[in-house]
Amino acid sequence: MTQRISLTRYLIEKQRGSQDAGGQGTIPPQLRLLLEVVARACKSISLAVTKGALGGVLGAAESENVQGEIQKKLDIIANEVLIEANEWGGHLAAMASEEMEGIYTVPNRYPQGEYLLMFDPLDGSSNIDVNVSIGTIFSVLVKDPEGPTVSEQDFLQAGHRQVAAGYCIYGPQTTLVLTVGDGVAMFTLDREQGSFVLTQENVRVPEDTQEFAVNMSNMRHWAAPVKRYIDECLEGKDGPRGKDFNMRWIASMVADVHRILTRGGIFMYPWDKREPGKPGKLRLMYEANPMGWLIEQAGGAASTGTERILDIQPTQLHQRVSVVLGSKNEVERVMRYHAEHQG
Ligand code: P6P
């Protein structure tokens, strides 16, 4: 039987590669530690999620998050697990979360490191109570070493400056999906061993697809290029695309993106005219940027419809963005339709 490689061994070999390669390699020791700690936190979150009603963790908490959304008990539990797991290790300067208005600076009683960790602790939480896959999304940046004490400003870096990104999906399997800038790897949780095991590396998104993911109930609110794209998909082989399309919408970004990394597809949460001042529903820093980098690292594309997501210069920690990501040729088609419409 081929020996399975654990996440720990995978990360140590990447760290070793960085030293052997004269520091030109992929991950420094402190980043390896950070990723190990995040993975351990995801194991704890997975345990809480799988308990469901038995753990008394379903349903809404008595609070709202910064987005004005009713928090689920598991949203708060997952957020606390990530904070408590990461604050003492000495690898972080601060953290930011969908569930917290401001940044969380590592307390003075602990050593501070150079990394900044952002996360959506439990994305798709509207699916928790109906037992549909949900997940944790995370993104890692480096704080400016010359800067003063850490502030929100340190987090406002474009997505192409990420040094690590990933998610953990809590579905039939608990799977950690990770990039440090040299491709995408997947690790499945072996519950008997209690460790993540490498189950796929060099993940690739097919450049073409016949499967789209969008919330069709918003169709009447979309901009013309998005409506044109979906209308053509619906016309199938009798229309300009000359092929039939399938649709999936899990309403859990982690699950929809995982499907696209596994078999291709295009995911869209575009701007719509219900709230014209809002660029989109999804958040840039801890949803679109990490997912966009994973998709790009797997050979796909991630755009707002008019620009590359990872090139956006953030102005606010919780800012939202329009998202079109997945199979490269389909994303480029949507961008072309936007350009033609603007032309
Ligand atoms: P809708 C979950 O709340 C989320 O942020 C993403 O995970 C998901 O893709 C989207 O919102 C679903 O939104 O409007 O279809 O419920």
# chains A, B, ... in the order shown; residues from 1 in each chain; ligands from 1
call {"tool": "residues_around", "arguments": {"residues": "Gly124 in chain A", "least_positions_apart": "3", "cutoff": "6 Å", "atoms": "only C-alpha atoms", "output": "ChimeraX atom specification"}}
result
/A:127,134,252
call {"tool": "residues_near_ligand", "arguments": {"ligand": "ligand 1", "cutoff": "6 Å", "atoms": "only C-alpha atoms and all ligand atoms", "output": "VMD selection string"}}
result
chain A and resid 123 to 124 126 215 251 to 253 282
call {"tool": "write_last_selection", "arguments": {"atoms": "all heavy atoms", "output": "PDB file, in the first residue's frame"}}
result
ATOM      1  N   ASP A 123     -18.271  29.477   6.717  1.00  0.00           N
ATOM      2  CA  ASP A 123     -18.988  30.022   5.560  1.00  0.00           C
ATOM      3  C   ASP A 123     -20.140  29.106   5.171  1.00  0.00           C
ATOM      4  O   ASP A 123     -20.028  27.884   5.238  1.00  0.00           O
ATOM      5  CB  ASP A 123     -18.022  30.146   4.386  1.00  0.00           C
ATOM      6  CG  ASP A 123     -18.729  30.663   3.158  1.00  0.00           C
ATOM      7  OD1 ASP A 123     -19.064  31.849   3.126  1.00  0.00           O
ATOM      8  OD2 ASP A 123     -19.017  29.846   2.256  1.00  0.00           O
ATOM      9  N   GLY A 124     -21.262  29.744   4.805  1.00  0.00           N
ATOM     10  CA  GLY A 124     -22.416  28.930   4.405  1.00  0.00           C
ATOM     11  C   GLY A 124     -23.270  28.565   5.600  1.00  0.00           C
ATOM     12  O   GLY A 124     -24.046  27.609   5.567  1.00  0.00           O
ATOM     13  N   SER A 126     -25.867  29.420   6.804  1.00  0.00           N
ATOM     14  CA  SER A 126     -27.332  29.251   6.658  1.00  0.00           C
ATOM     15  C   SER A 126     -27.644  27.775   6.380  1.00  0.00           C
ATOM     16  O   SER A 126     -28.778  27.329   6.500  1.00  0.00           O
ATOM     17  CB  SER A 126     -27.840  30.126   5.506  1.00  0.00           C
ATOM     18  OG  SER A 126     -27.144  29.763   4.312  1.00  0.00           O
ATOM     19  N   ASN A 215     -27.209  31.836  -8.112  1.00  0.00           N
ATOM     20  CA  ASN A 215     -28.544  31.831  -7.507  1.00  0.00           C
ATOM     21  C   ASN A 215     -29.536  32.411  -8.522  1.00  0.00           C
ATOM     22  O   ASN A 215     -29.660  33.634  -8.651  1.00  0.00           O
ATOM     23  CB  ASN A 215     -28.556  32.646  -6.210  1.00  0.00           C
ATOM     24  CG  ASN A 215     -29.923  32.596  -5.526  1.00  0.00           C
ATOM     25  OD1 ASN A 215     -30.945  32.364  -6.187  1.00  0.00           O
ATOM     26  ND2 ASN A 215     -29.945  32.811  -4.235  1.00  0.00           N
ATOM     27  N   ALA A 251     -25.340  27.120  -2.301  1.00  0.00           N
ATOM     28  CA  ALA A 251     -25.451  28.284  -1.424  1.00  0.00           C
ATOM     29  C   ALA A 251     -24.471  28.176  -0.259  1.00  0.00           C
ATOM     30  O   ALA A 251     -24.715  28.678   0.829  1.00  0.00           O
ATOM     31  CB  ALA A 251     -26.875  28.460  -0.899  1.00  0.00           C
ATOM     32  N   SER A 252     -23.366  27.510  -0.524  1.00  0.00           N
ATOM     33  CA  SER A 252     -22.233  27.427   0.399  1.00  0.00           C
ATOM     34  C   SER A 252     -20.991  27.535  -0.477  1.00  0.00           C
ATOM     35  O   SER A 252     -20.656  26.585  -1.193  1.00  0.00           O
ATOM     36  CB  SER A 252     -22.267  26.095   1.135  1.00  0.00           C
ATOM     37  OG  SER A 252     -21.223  25.989   2.048  1.00  0.00           O
ATOM     38  N   MET A 253     -20.362  28.715  -0.446  1.00  0.00           N
ATOM     39  CA  MET A 253     -19.276  28.974  -1.415  1.00  0.00           C
ATOM     40  C   MET A 253     -18.211  27.893  -1.366  1.00  0.00           C
ATOM     41  O   MET A 253     -17.697  27.457  -2.402  1.00  0.00           O
ATOM     42  CB  MET A 253     -18.643  30.345  -1.151  1.00  0.00           C
ATOM     43  CG  MET A 253     -17.621  30.749  -2.193  1.00  0.00           C
ATOM     44  SD  MET A 253     -16.848  32.315  -1.751  1.00  0.00           S
ATOM     45  CE  MET A 253     -16.148  32.773  -3.355  1.00  0.00           C
ATOM     46  N   LEU A 282     -20.447  38.802  -1.674  1.00  0.00           N
ATOM     47  CA  LEU A 282     -19.333  38.121  -1.011  1.00  0.00           C
ATOM     48  C   LEU A 282     -18.244  39.101  -0.606  1.00  0.00           C
ATOM     49  O   LEU A 282     -18.115  40.182  -1.198  1.00  0.00           O
ATOM     50  CB  LEU A 282     -18.800  37.016  -1.926  1.00  0.00           C
ATOM     51  CG  LEU A 282     -19.867  35.984  -2.336  1.00  0.00           C
ATOM     52  CD1 LEU A 282     -19.289  34.933  -3.267  1.00  0.00           C
ATOM     53  CD2 LEU A 282     -20.498  35.322  -1.112  1.00  0.00           C
TER      54      LEU A 282
END
call {"tool": "residues_around", "arguments": {"residues": "range 275-281 of chain A", "least_positions_apart": "5", "cutoff": "12 Å", "atoms": "only C-alpha atoms", "output": "list in words"}}
result
Gln67, Asn215, Asn218, His221, Trp222, Ala223, Ala251, Met253, Met268, Tyr269, Pro270, Glu287, Ala288, Thr304, Gly305, Thr306, His318, Gln319, Arg320, Val321, Ser322, Val323 and Val324 of chain A
call {"tool": "closest_residue", "arguments": {"among": "A:Asn289, A:Gln71, A:Thr199, A:Ser6", "to": "Pro314 in chain A", "atoms": "only C-alpha atoms"}}
result
A:Asn289
call {"tool": "residues_around", "arguments": {"residues": "Trp249 in chain A", "least_positions_apart": "2", "cutoff": "9 Å", "atoms": "only C-alpha atoms", "output": "list in words"}}
result
Phe212, Ala213, Val214, Asn215, Met216, Met247, Ala251, Ser252, Asp256 and Phe267 of chain A
call {"tool": "atom_distance", "arguments": {"atom1": "CA of Ile45 in chain A", "atom2": "CA of Tyr286 in chain A"}}
result
17.5 Å
call {"tool": "residues_around", "arguments": {"residues": "Gly300 in chain A", "least_positions_apart": "2", "cutoff": "10 Å", "atoms": "only C-alpha atoms", "output": "short mmCIF file (atom, residue, chain, number, x, y, z; two decimals) with all heavy atoms, in the first residue's frame"}}
result
data_model
loop_
_atom_site.label_atom_id
_atom_site.label_comp_id
_atom_site.auth_asym_id
_atom_site.auth_seq_id
_atom_site.Cartn_x
_atom_site.Cartn_y
_atom_site.Cartn_z
N ARG A 204 -6.09 20.63 -10.77
CA ARG A 204 -6.28 21.47 -11.97
C ARG A 204 -7.77 21.64 -12.27
O ARG A 204 -8.53 20.68 -12.22
CB ARG A 204 -5.61 20.85 -13.21
CG ARG A 204 -4.12 20.61 -13.08
CD ARG A 204 -3.32 21.82 -12.73
NE ARG A 204 -3.26 22.84 -13.83
CZ ARG A 204 -2.76 24.06 -13.63
NH1 ARG A 204 -2.37 24.44 -12.42
NH2 ARG A 204 -2.71 24.91 -14.63
N VAL A 205 -8.17 22.87 -12.59
CA VAL A 205 -9.54 23.16 -13.01
C VAL A 205 -9.59 23.10 -14.53
O VAL A 205 -8.85 23.83 -15.20
CB VAL A 205 -9.98 24.57 -12.55
CG1 VAL A 205 -11.37 24.91 -13.09
CG2 VAL A 205 -9.98 24.67 -11.03
N PRO A 206 -10.41 22.23 -15.13
CA PRO A 206 -10.53 22.18 -16.61
C PRO A 206 -10.86 23.58 -17.16
O PRO A 206 -11.65 24.32 -16.54
CB PRO A 206 -11.68 21.21 -16.84
CG PRO A 206 -11.77 20.39 -15.61
CD PRO A 206 -11.32 21.27 -14.49
N GLU A 207 -10.26 23.93 -18.29
CA GLU A 207 -10.45 25.29 -18.82
C GLU A 207 -11.87 25.49 -19.37
O GLU A 207 -12.35 26.61 -19.49
CB GLU A 207 -9.41 25.56 -19.91
CG GLU A 207 -7.98 25.60 -19.34
CD GLU A 207 -6.99 26.23 -20.31
OE1 GLU A 207 -7.33 26.38 -21.51
OE2 GLU A 207 -5.89 26.61 -19.85
N ASP A 208 -12.54 24.39 -19.74
CA ASP A 208 -13.92 24.47 -20.24
C ASP A 208 -14.84 23.70 -19.29
O ASP A 208 -14.39 22.85 -18.53
CB ASP A 208 -14.01 23.87 -21.66
CG ASP A 208 -13.23 24.71 -22.67
OD1 ASP A 208 -13.58 25.91 -22.80
OD2 ASP A 208 -12.26 24.20 -23.24
N ILE A 260 -15.92 22.84 -8.12
CA ILE A 260 -15.23 23.39 -9.30
C ILE A 260 -13.77 22.94 -9.32
O ILE A 260 -13.22 22.57 -10.36
CB ILE A 260 -15.38 24.92 -9.32
CG1 ILE A 260 -16.84 25.28 -9.66
CG2 ILE A 260 -14.41 25.55 -10.31
CD1 ILE A 260 -17.20 26.73 -9.47
N LEU A 261 -13.11 22.92 -8.14
CA LEU A 261 -11.72 22.43 -8.09
C LEU A 261 -11.65 20.94 -8.42
O LEU A 261 -10.64 20.44 -8.91
CB LEU A 261 -11.12 22.68 -6.71
CG LEU A 261 -10.65 24.12 -6.43
CD1 LEU A 261 -10.33 24.30 -4.96
CD2 LEU A 261 -9.44 24.50 -7.29
N GLY A 264 -14.36 21.16 -12.33
CA GLY A 264 -14.58 22.30 -13.22
C GLY A 264 -15.93 22.96 -12.99
O GLY A 264 -16.76 22.47 -12.21
N GLY A 265 -16.16 24.08 -13.70
CA GLY A 265 -17.41 24.81 -13.53
C GLY A 265 -17.14 26.29 -13.40
O GLY A 265 -15.99 26.72 -13.32
N ILE A 266 -18.23 27.07 -13.40
CA ILE A 266 -18.11 28.51 -13.16
C ILE A 266 -19.07 28.89 -12.06
O ILE A 266 -20.22 28.45 -12.04
CB ILE A 266 -18.37 29.33 -14.45
CG1 ILE A 266 -18.20 30.84 -14.19
CG2 ILE A 266 -19.74 29.01 -15.07
CD1 ILE A 266 -18.20 31.69 -15.46
N GLY A 292 -10.20 32.96 -4.84
CA GLY A 292 -9.69 33.36 -6.15
C GLY A 292 -8.27 32.88 -6.38
O GLY A 292 -7.92 32.42 -7.48
N TRP A 293 -7.44 32.94 -5.31
CA TRP A 293 -6.05 32.50 -5.47
C TRP A 293 -5.99 30.99 -5.68
O TRP A 293 -5.27 30.48 -6.55
CB TRP A 293 -5.22 32.93 -4.26
CG TRP A 293 -3.74 32.83 -4.51
CD1 TRP A 293 -3.09 32.99 -5.71
CD2 TRP A 293 -2.72 32.56 -3.55
NE1 TRP A 293 -1.74 32.82 -5.55
CE2 TRP A 293 -1.49 32.56 -4.22
CE3 TRP A 293 -2.73 32.32 -2.16
CZ2 TRP A 293 -0.28 32.33 -3.57
CZ3 TRP A 293 -1.52 32.09 -1.51
CH2 TRP A 293 -0.32 32.09 -2.21
N LEU A 294 -6.80 30.24 -4.91
CA LEU A 294 -6.84 28.78 -5.08
C LEU A 294 -7.21 28.43 -6.52
O LEU A 294 -6.57 27.60 -7.17
CB LEU A 294 -7.86 28.16 -4.12
CG LEU A 294 -7.46 28.03 -2.66
CD1 LEU A 294 -8.68 27.76 -1.80
CD2 LEU A 294 -6.41 26.94 -2.47
N ILE A 295 -8.24 29.09 -7.04
CA ILE A 295 -8.71 28.81 -8.41
C ILE A 295 -7.62 29.14 -9.42
O ILE A 295 -7.31 28.35 -10.32
CB ILE A 295 -10.00 29.59 -8.71
CG1 ILE A 295 -11.17 29.03 -7.89
CG2 ILE A 295 -10.32 29.57 -10.21
CD1 ILE A 295 -11.69 27.66 -8.31
N GLU A 296 -6.95 30.29 -9.24
CA GLU A 296 -5.86 30.66 -10.17
C GLU A 296 -4.71 29.67 -10.07
O GLU A 296 -4.15 29.24 -11.09
CB GLU A 296 -5.36 32.07 -9.88
CG GLU A 296 -6.29 33.18 -10.32
CD GLU A 296 -5.62 34.55 -10.29
OE1 GLU A 296 -4.44 34.64 -9.88
OE2 GLU A 296 -6.26 35.54 -10.69
N GLN A 297 -4.38 29.25 -8.85
CA GLN A 297 -3.27 28.30 -8.67
C GLN A 297 -3.58 26.95 -9.31
O GLN A 297 -2.69 26.16 -9.58
CB GLN A 297 -3.00 28.12 -7.16
CG GLN A 297 -2.21 29.27 -6.56
CD GLN A 297 -0.75 29.26 -7.03
OE1 GLN A 297 -0.08 28.23 -6.94
NE2 GLN A 297 -0.31 30.37 -7.57
N ALA A 298 -4.89 26.68 -9.51
CA ALA A 298 -5.31 25.42 -10.15
C ALA A 298 -5.58 25.63 -11.64
O ALA A 298 -6.19 24.77 -12.30
CB ALA A 298 -6.55 24.87 -9.45
N ALA A 302 -10.30 34.19 -11.79
CA ALA A 302 -11.19 34.78 -10.77
C ALA A 302 -11.30 36.27 -11.04
O ALA A 302 -10.31 37.00 -10.95
CB ALA A 302 -10.66 34.53 -9.37
N LEU A 325 -15.81 33.09 -10.90
CA LEU A 325 -14.55 32.32 -10.85
C LEU A 325 -14.76 30.89 -11.32
O LEU A 325 -15.89 30.38 -11.31
CB LEU A 325 -13.95 32.35 -9.45
CG LEU A 325 -14.74 31.81 -8.26
CD1 LEU A 325 -14.76 30.29 -8.21
CD2 LEU A 325 -14.16 32.34 -6.95
N GLY A 326 -13.67 30.26 -11.76
CA GLY A 326 -13.73 28.86 -12.18
C GLY A 326 -13.01 28.62 -13.48
O GLY A 326 -11.93 29.20 -13.72
N SER A 327 -13.60 27.79 -14.33
CA SER A 327 -12.97 27.38 -15.60
C SER A 327 -12.61 28.61 -16.42
O SER A 327 -13.48 29.45 -16.74
CB SER A 327 -13.93 26.47 -16.38
OG SER A 327 -14.08 25.23 -15.68
N LYS A 328 -11.35 28.68 -16.79
CA LYS A 328 -10.76 29.89 -17.36
C LYS A 328 -11.51 30.42 -18.57
O LYS A 328 -11.84 31.61 -18.67
CB LYS A 328 -9.31 29.55 -17.77
CG LYS A 328 -8.41 30.68 -18.17
CD LYS A 328 -7.03 30.10 -18.50
CE LYS A 328 -6.08 31.13 -19.06
NZ LYS A 328 -5.71 32.17 -18.07
N ASN A 329 -11.84 29.53 -19.51
CA ASN A 329 -12.47 29.99 -20.76
C ASN A 329 -13.87 30.57 -20.52
O ASN A 329 -14.31 31.48 -21.24
CB ASN A 329 -12.52 28.85 -21.78
CG ASN A 329 -11.12 28.47 -22.25
OD1 ASN A 329 -10.18 29.26 -22.12
ND2 ASN A 329 -10.99 27.24 -22.76
N GLU A 330 -14.56 30.06 -19.51
CA GLU A 330 -15.90 30.58 -19.19
C GLU A 330 -15.81 31.93 -18.50
O GLU A 330 -16.57 32.85 -18.81
CB GLU A 330 -16.68 29.58 -18.35
CG GLU A 330 -17.05 28.32 -19.09
CD GLU A 330 -17.91 28.57 -20.34
OE1 GLU A 330 -18.90 29.32 -20.24
OE2 GLU A 330 -17.56 28.04 -21.40
N VAL A 331 -14.86 32.07 -17.57
CA VAL A 331 -14.68 33.36 -16.88
C VAL A 331 -14.30 34.43 -17.91
O VAL A 331 -14.82 35.55 -17.90
CB VAL A 331 -13.62 33.24 -15.78
CG1 VAL A 331 -13.31 34.61 -15.16
CG2 VAL A 331 -14.08 32.27 -14.69
N GLU A 332 -13.41 34.05 -18.82
CA GLU A 332 -12.98 35.03 -19.85
C GLU A 332 -14.15 35.41 -20.77
O GLU A 332 -14.24 36.55 -21.21
CB GLU A 332 -11.80 34.44 -20.64
CG GLU A 332 -10.52 34.42 -19.80
CD GLU A 332 -9.32 33.79 -20.50
OE1 GLU A 332 -9.50 33.25 -21.61
OE2 GLU A 332 -8.22 33.84 -19.93
#
call {"tool": "residues_around", "arguments": {"residues": "Glu36 in chain A", "least_positions_apart": "2", "cutoff": "12 Å", "atoms": "only C-alpha atoms", "output": "list of chain:residue names"}}
result
A:Ser6, A:Leu7, A:Thr8, A:Arg9, A:Tyr10, A:Leu11, A:Ile12, A:Pro29, A:Gln30, A:Leu31, A:Arg32, A:Leu33, A:Leu34, A:Val38, A:Ala39, A:Arg40, A:Ala41, A:Cys42, A:Lys43, A:Leu82, A:Ala85, A:Asn86, A:Gly89, A:His91, A:Leu176, A:Leu178, A:Ser195, A:Phe196
call {"tool": "write_last_selection", "arguments": {"atoms": "N, CA, C and O atoms", "output": "mmCIF file, in the first residue's frame"}}
result
data_model
loop_
_atom_site.group_PDB
_atom_site.id
_atom_site.type_symbol
_atom_site.label_atom_id
_atom_site.label_comp_id
_atom_site.auth_asym_id
_atom_site.auth_seq_id
_atom_site.Cartn_x
_atom_site.Cartn_y
_atom_site.Cartn_z
ATOM 1 N N SER A 6 1.247 12.759 5.549
ATOM 2 C CA SER A 6 0.421 13.607 6.418
ATOM 3 C C SER A 6 0.646 15.074 6.052
ATOM 4 O O SER A 6 1.655 15.436 5.416
ATOM 5 N N LEU A 7 -0.302 15.916 6.479
ATOM 6 C CA LEU A 7 -0.142 17.373 6.285
ATOM 7 C C LEU A 7 1.156 17.832 6.953
ATOM 8 O O LEU A 7 1.901 18.645 6.368
ATOM 9 N N THR A 8 1.439 17.312 8.130
ATOM 10 C CA THR A 8 2.672 17.716 8.846
ATOM 11 C C THR A 8 3.901 17.428 8.004
ATOM 12 O O THR A 8 4.757 18.296 7.795
ATOM 13 N N ARG A 9 3.991 16.209 7.458
ATOM 14 C CA ARG A 9 5.175 15.859 6.643
ATOM 15 C C ARG A 9 5.224 16.725 5.384
ATOM 16 O O ARG A 9 6.284 17.242 5.000
ATOM 17 N N TYR A 10 4.059 16.947 4.768
ATOM 18 C CA TYR A 10 3.986 17.776 3.543
ATOM 19 C C TYR A 10 4.550 19.163 3.824
ATOM 20 O O TYR A 10 5.380 19.691 3.079
ATOM 21 N N LEU A 11 4.133 19.762 4.955
ATOM 22 C CA LEU A 11 4.563 21.123 5.278
ATOM 23 C C LEU A 11 6.039 21.158 5.697
ATOM 24 O O LEU A 11 6.770 22.079 5.330
ATOM 25 N N ILE A 12 6.500 20.134 6.417
ATOM 26 C CA ILE A 12 7.924 20.101 6.806
ATOM 27 C C ILE A 12 8.795 19.957 5.553
ATOM 28 O O ILE A 12 9.826 20.624 5.405
ATOM 29 N N PRO A 29 9.537 28.535 8.475
ATOM 30 C CA PRO A 29 9.074 27.783 9.649
ATOM 31 C C PRO A 29 7.820 28.366 10.299
ATOM 32 O O PRO A 29 6.883 27.633 10.628
ATOM 33 N N GLN A 30 7.766 29.699 10.450
ATOM 34 C CA GLN A 30 6.608 30.302 11.130
ATOM 35 C C GLN A 30 5.330 30.134 10.329
ATOM 36 O O GLN A 30 4.236 30.016 10.879
ATOM 37 N N LEU A 31 5.442 30.107 8.999
ATOM 38 C CA LEU A 31 4.240 29.904 8.175
ATOM 39 C C LEU A 31 3.801 28.450 8.276
ATOM 40 O O LEU A 31 2.610 28.141 8.338
ATOM 41 N N ARG A 32 4.796 27.530 8.338
ATOM 42 C CA ARG A 32 4.433 26.123 8.532
ATOM 43 C C ARG A 32 3.666 25.956 9.838
ATOM 44 O O ARG A 32 2.615 25.313 9.875
ATOM 45 N N LEU A 33 4.153 26.586 10.889
ATOM 46 C CA LEU A 33 3.490 26.495 12.195
ATOM 47 C C LEU A 33 2.068 27.035 12.090
ATOM 48 O O LEU A 33 1.107 26.411 12.546
ATOM 49 N N LEU A 34 1.930 28.203 11.451
ATOM 50 C CA LEU A 34 0.601 28.819 11.300
ATOM 51 C C LEU A 34 -0.362 27.842 10.631
ATOM 52 O O LEU A 34 -1.493 27.620 11.111
ATOM 53 N N VAL A 38 -3.838 26.250 12.089
ATOM 54 C CA VAL A 38 -5.153 26.439 11.442
ATOM 55 C C VAL A 38 -5.785 25.076 11.162
ATOM 56 O O VAL A 38 -6.980 24.864 11.404
ATOM 57 N N ALA A 39 -4.988 24.123 10.689
ATOM 58 C CA ALA A 39 -5.521 22.786 10.392
ATOM 59 C C ALA A 39 -6.051 22.126 11.659
ATOM 60 O O ALA A 39 -7.138 21.520 11.669
ATOM 61 N N ARG A 40 -5.323 22.302 12.781
ATOM 62 C CA ARG A 40 -5.768 21.710 14.054
ATOM 63 C C ARG A 40 -7.091 22.361 14.485
ATOM 64 O O ARG A 40 -8.008 21.689 14.954
ATOM 65 N N ALA A 41 -7.205 23.657 14.282
ATOM 66 C CA ALA A 41 -8.453 24.359 14.639
ATOM 67 C C ALA A 41 -9.612 23.844 13.786
ATOM 68 O O ALA A 41 -10.727 23.638 14.280
ATOM 69 N N CYS A 42 -9.330 23.592 12.501
ATOM 70 C CA CYS A 42 -10.387 23.073 11.608
ATOM 71 C C CYS A 42 -10.841 21.688 12.064
ATOM 72 O O CYS A 42 -12.035 21.352 11.949
ATOM 73 N N LYS A 43 -9.930 20.882 12.599
ATOM 74 C CA LYS A 43 -10.326 19.560 13.129
ATOM 75 C C LYS A 43 -11.305 19.747 14.287
ATOM 76 O O LYS A 43 -12.342 19.059 14.359
ATOM 77 N N LEU A 82 -10.734 29.394 16.344
ATOM 78 C CA LEU A 82 -9.604 29.903 15.543
ATOM 79 C C LEU A 82 -8.793 30.945 16.315
ATOM 80 O O LEU A 82 -7.559 30.940 16.260
ATOM 81 N N ALA A 85 -6.823 29.111 19.141
ATOM 82 C CA ALA A 85 -5.761 28.219 18.637
ATOM 83 C C ALA A 85 -4.548 29.004 18.166
ATOM 84 O O ALA A 85 -3.405 28.545 18.261
ATOM 85 N N ASN A 86 -4.807 30.235 17.652
ATOM 86 C CA ASN A 86 -3.722 30.975 16.974
ATOM 87 C C ASN A 86 -3.070 32.062 17.814
ATOM 88 O O ASN A 86 -1.966 32.512 17.472
ATOM 89 N N GLY A 89 0.715 31.389 19.668
ATOM 90 C CA GLY A 89 1.822 30.662 19.012
ATOM 91 C C GLY A 89 3.042 31.501 18.644
ATOM 92 O O GLY A 89 4.102 30.983 18.319
ATOM 93 N N HIS A 91 3.281 33.324 15.962
ATOM 94 C CA HIS A 91 3.441 33.448 14.502
ATOM 95 C C HIS A 91 2.603 34.597 13.929
ATOM 96 O O HIS A 91 2.776 35.007 12.791
ATOM 97 N N LEU A 176 -9.155 19.552 3.815
ATOM 98 C CA LEU A 176 -8.431 20.829 3.831
ATOM 99 C C LEU A 176 -7.825 21.035 2.460
ATOM 100 O O LEU A 176 -7.177 20.122 1.916
ATOM 101 N N LEU A 178 -5.407 23.688 0.163
ATOM 102 C CA LEU A 178 -4.387 24.657 0.531
ATOM 103 C C LEU A 178 -3.506 25.045 -0.646
ATOM 104 O O LEU A 178 -3.194 24.201 -1.507
ATOM 105 N N SER A 195 -5.541 12.849 11.799
ATOM 106 C CA SER A 195 -4.647 13.742 11.041
ATOM 107 C C SER A 195 -5.121 13.895 9.595
ATOM 108 O O SER A 195 -5.777 13.015 9.044
ATOM 109 N N PHE A 196 -4.755 15.054 9.023
ATOM 110 C CA PHE A 196 -5.051 15.307 7.607
ATOM 111 C C PHE A 196 -4.020 14.574 6.761
ATOM 112 O O PHE A 196 -2.816 14.636 7.045
#
call {"tool": "residues_around", "arguments": {"residues": "Glu69 in chain A", "least_positions_apart": "2", "cutoff": "12 Å", "atoms": "only C-alpha atoms", "output": "compact mmCIF listing (two decimals) with C-alpha atoms, in the first residue's frame"}}
result
# COMPACT_ATOMS: atom_id res chain seq x y z
CA ALA A 60 -29.14 31.07 15.98
CA ALA A 61 -27.17 32.83 18.67
CA GLU A 62 -28.69 35.94 20.26
CA SER A 63 -26.42 38.26 18.24
CA GLU A 64 -25.64 39.80 14.84
CA ASN A 65 -22.25 40.04 13.14
CA VAL A 66 -20.70 43.12 11.60
CA GLN A 67 -22.58 42.33 8.40
CA GLN A 71 -25.01 34.69 13.92
CA LYS A 72 -25.39 30.95 14.31
CA ASP A 75 -20.35 30.76 13.73
CA GLU A 98 -16.17 37.95 9.18
CA GLU A 99 -17.60 37.59 12.70
CA MET A 100 -15.66 40.51 14.24
CA SER A 125 -23.75 28.92 7.94
CA SER A 126 -27.33 29.25 6.66
call {"tool": "atom_distance", "arguments": {"atom1": "CA of Asn246 in chain A", "atom2": "CA of Val226 in chain A"}}
result
16.6 Å
call {"tool": "atom_distance", "arguments": {"atom1": "CA of Arg220 in chain A", "atom2": "CA of Ser133 in chain A"}}
result
27.8 Å
call {"tool": "select_by_dssp", "arguments": {"residues": "range 43-157 of chain A", "states": "helix (DSSP H, G or I)", "output": "PyMOL selection string"}}
result
chain A and resi 43-55+73-86+125-130+152-155
call {"tool": "closest_residue", "arguments": {"among": "A:Val180, A:Ala185, A:Ala93, A:Ile250", "to": "Pro145 in chain A", "atoms": "only C-alpha atoms"}}
result
A:Ala93
call {"tool": "select_by_dssp", "arguments": {"residues": "range 47-272 of chain A", "states": "strand (DSSP E)", "output": "PyMOL selection string"}}
result
chain A and resi 60-64+70-72+92-97+104-105+115-123+134-142+164-170+174-179+184-190+195-201+211-213+246-247+266-269
